[in-house]
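Working notes, structure below.
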Amino acid sequence: MVMSWIWTGLLALSLLFSLINHRGSALAASVFEGAQAGVALAISLAGSICLWSGAGKLMERLGITHGMSRLLRPILRRLFPDTNQDEALAGTLSANICANLLGLGNAATPMGIAAAKQLRRPDKPDLATDQLCRLIVLNTASIQLIPTNVAAVRLSLGCAAPFDILPAVWITSFSSAALGLTAAVLLGKVWKA
């Protein structure tokens, strides 16, 4: 709801200042140009999303995601203690984290929603548990080893080396995830006290 007000305000300010500066025709031209660029970008991203979603399904069928989930199991047990008793939850969380590691945010979303539903408490469905907060932090500040969507956008805009941002992505995603998880754990302890 807040974002709709922000966008409405930005559009109103753009219209107001274009009228004040007698640049209404330039605003109209840029609106149509931006709409055309948005459609072109969406089409180019659709190809990348289909490719990497297919690669994710192939990895799942070949057992690669299962192997990655076994590697993640020690970390998951510490962050999400419910995975010790619930094997389905462990699989869903592992698949979600693996998809985020590969930069497949669109493919990770359904698995993240399924994991969030499993982490809710049945007696208090409106209350966010500590584990649910950690999942949200991990999905928001997801560690990306291969930022496929960002690379696809850069490639569609004419970048010759779309993956040259890898070191910056690794540093920022590891830092943001570590800081977010630390804050979630500390705030979870403060609220319980």
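Residue numbers start at 1 in each chain; chains themselves are named A, B, ... in the order of the structure tokens; ligands are numbered from 1 in the order shown.
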### Residues flagged alpha helix (DSSP H) by DSSP in range 88-146 of chain A, as a PyMOL selection string
chain A and resi 88-101+105-119+130-140
For the selection just defined, write its residues with N, CA and C atoms to a file, as a CSV table (one decimal), in the first residue's frame.
```
chain,number,residue,atom,x,y,z
A,88,ALA,N,10.6,-33.1,5.3
A,88,ALA,CA,10.1,-32.4,4.2
A,88,ALA,C,10.5,-30.9,4.3
A,89,LEU,N,10.4,-30.3,5.5
A,89,LEU,CA,10.8,-29.0,5.7
A,89,LEU,C,12.3,-28.8,5.3
A,90,ALA,N,13.1,-29.7,5.7
A,90,ALA,CA,14.6,-29.6,5.4
A,90,ALA,C,14.8,-29.6,3.9
A,91,GLY,N,14.0,-30.5,3.2
A,91,GLY,CA,14.2,-30.5,1.7
A,91,GLY,C,13.7,-29.2,1.1
A,92,THR,N,12.6,-28.7,1.5
A,92,THR,CA,12.1,-27.4,1.0
A,92,THR,C,13.0,-26.3,1.2
A,93,LEU,N,13.5,-26.2,2.4
A,93,LEU,CA,14.5,-25.1,2.8
A,93,LEU,C,15.8,-25.3,2.0
A,94,SER,N,16.3,-26.5,1.8
A,94,SER,CA,17.5,-26.7,1.0
A,94,SER,C,17.3,-26.3,-0.4
A,95,ALA,N,16.2,-26.7,-1.0
A,95,ALA,CA,15.9,-26.3,-2.4
A,95,ALA,C,15.8,-24.8,-2.5
A,96,ASN,N,15.1,-24.2,-1.6
A,96,ASN,CA,15.0,-22.7,-1.6
A,96,ASN,C,16.4,-22.0,-1.5
A,97,ILE,N,17.2,-22.5,-0.6
A,97,ILE,CA,18.6,-21.9,-0.5
A,97,ILE,C,19.4,-22.2,-1.7
A,98,CYS,N,19.3,-23.4,-2.2
A,98,CYS,CA,20.1,-23.7,-3.4
A,98,CYS,C,19.7,-22.8,-4.6
A,99,ALA,N,18.4,-22.6,-4.8
A,99,ALA,CA,17.9,-21.8,-5.9
A,99,ALA,C,18.4,-20.3,-5.7
A,100,ASN,N,18.4,-19.9,-4.5
A,100,ASN,CA,18.9,-18.5,-4.2
A,100,ASN,C,20.4,-18.5,-4.5
A,101,LEU,N,21.2,-19.5,-4.1
A,101,LEU,CA,22.6,-19.5,-4.4
A,101,LEU,C,22.9,-19.4,-5.9
A,105,GLY,N,16.0,-16.3,-8.2
A,105,GLY,CA,15.0,-15.8,-7.2
A,105,GLY,C,13.6,-16.2,-7.6
A,106,ASN,N,13.3,-16.2,-8.9
A,106,ASN,CA,11.9,-16.5,-9.3
A,106,ASN,C,11.6,-18.0,-9.0
A,107,ALA,N,12.6,-18.9,-9.2
A,107,ALA,CA,12.3,-20.3,-8.9
A,107,ALA,C,12.4,-20.6,-7.4
A,108,ALA,N,13.0,-19.7,-6.7
A,108,ALA,CA,13.1,-19.9,-5.2
A,108,ALA,C,11.8,-19.5,-4.5
A,109,THR,N,11.1,-18.6,-5.1
A,109,THR,CA,9.9,-18.0,-4.4
A,109,THR,C,8.9,-19.1,-4.0
A,110,PRO,N,8.4,-20.0,-4.9
A,110,PRO,CA,7.4,-21.0,-4.4
A,110,PRO,C,8.0,-21.9,-3.3
A,111,MET,N,9.3,-22.2,-3.3
A,111,MET,CA,9.8,-23.1,-2.3
A,111,MET,C,9.9,-22.3,-1.0
A,112,GLY,N,10.2,-21.0,-1.1
A,112,GLY,CA,10.3,-20.2,0.1
A,112,GLY,C,8.9,-20.0,0.8
A,113,ILE,N,7.9,-19.9,-0.1
A,113,ILE,CA,6.5,-19.7,0.5
A,113,ILE,C,6.1,-21.0,1.1
A,114,ALA,N,6.4,-22.2,0.5
A,114,ALA,CA,6.1,-23.5,1.1
A,114,ALA,C,6.8,-23.7,2.5
A,115,ALA,N,8.1,-23.3,2.5
A,115,ALA,CA,8.8,-23.4,3.8
A,115,ALA,C,8.3,-22.5,4.8
A,116,ALA,N,7.9,-21.3,4.4
A,116,ALA,CA,7.3,-20.3,5.4
A,116,ALA,C,6.0,-20.9,6.0
A,117,LYS,N,5.2,-21.5,5.1
A,117,LYS,CA,3.9,-22.1,5.7
A,117,LYS,C,4.2,-23.2,6.7
A,118,GLN,N,5.3,-24.0,6.4
A,118,GLN,CA,5.6,-25.1,7.3
A,118,GLN,C,6.2,-24.5,8.6
A,119,LEU,N,6.8,-23.4,8.6
A,119,LEU,CA,7.5,-22.8,9.8
A,119,LEU,C,6.5,-22.1,10.7
A,130,ASP,N,10.8,-17.2,15.3
A,130,ASP,CA,12.2,-16.8,15.0
A,130,ASP,C,12.7,-17.5,13.8
A,131,GLN,N,12.3,-18.7,13.5
A,131,GLN,CA,12.8,-19.5,12.4
A,131,GLN,C,12.2,-18.8,11.1
A,132,LEU,N,11.0,-18.4,11.1
A,132,LEU,CA,10.4,-17.8,10.0
A,132,LEU,C,11.1,-16.4,9.7
A,133,CYS,N,11.4,-15.7,10.7
A,133,CYS,CA,12.1,-14.4,10.5
A,133,CYS,C,13.5,-14.7,9.9
A,134,ARG,N,14.2,-15.8,10.3
A,134,ARG,CA,15.5,-16.1,9.7
A,134,ARG,C,15.3,-16.5,8.2
A,135,LEU,N,14.3,-17.2,7.9
A,135,LEU,CA,14.0,-17.6,6.5
A,135,LEU,C,13.8,-16.3,5.7
A,136,ILE,N,13.0,-15.4,6.2
A,136,ILE,CA,12.7,-14.2,5.4
A,136,ILE,C,14.0,-13.4,5.2
A,137,VAL,N,14.9,-13.3,6.3
A,137,VAL,CA,16.1,-12.6,6.1
A,137,VAL,C,17.0,-13.3,5.1
A,138,LEU,N,17.1,-14.6,5.1
A,138,LEU,CA,17.9,-15.3,4.1
A,138,LEU,C,17.4,-15.2,2.7
A,139,ASN,N,16.1,-15.1,2.5
A,139,ASN,CA,15.5,-14.9,1.2
A,139,ASN,C,15.7,-13.4,0.7
A,140,THR,N,15.6,-12.5,1.6
A,140,THR,CA,15.8,-11.1,1.3
A,140,THR,C,17.2,-10.8,0.9
```
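Nearest residue to Asn149 in chain A among A:Ser44, A:Thr182, A:Thr8, A:Gln36 is A:Ser44, counting only C-alpha atoms.
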### Query
Interatomic distance between CA of Thr148 in chain A and CA of Gly103 in chain A?
5.2 Å
### Contact residues around Ser156 in chain A with only C-alpha atoms at 12 Å, ignoring same-chain residues under 4 positions, as an NGL selection string
:A and (37-38 or 40-48 or 149-152 or 160-162)
### Message
Between CA of Trp170 in chain A and CA of Leu104 in chain A, what distance in Å does the model show, to one decimal?
### Response
15.1 Å
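Going from CA of Leu145 in chain A over to CA of Ser175 in chain A, you cover 13.1 Å.
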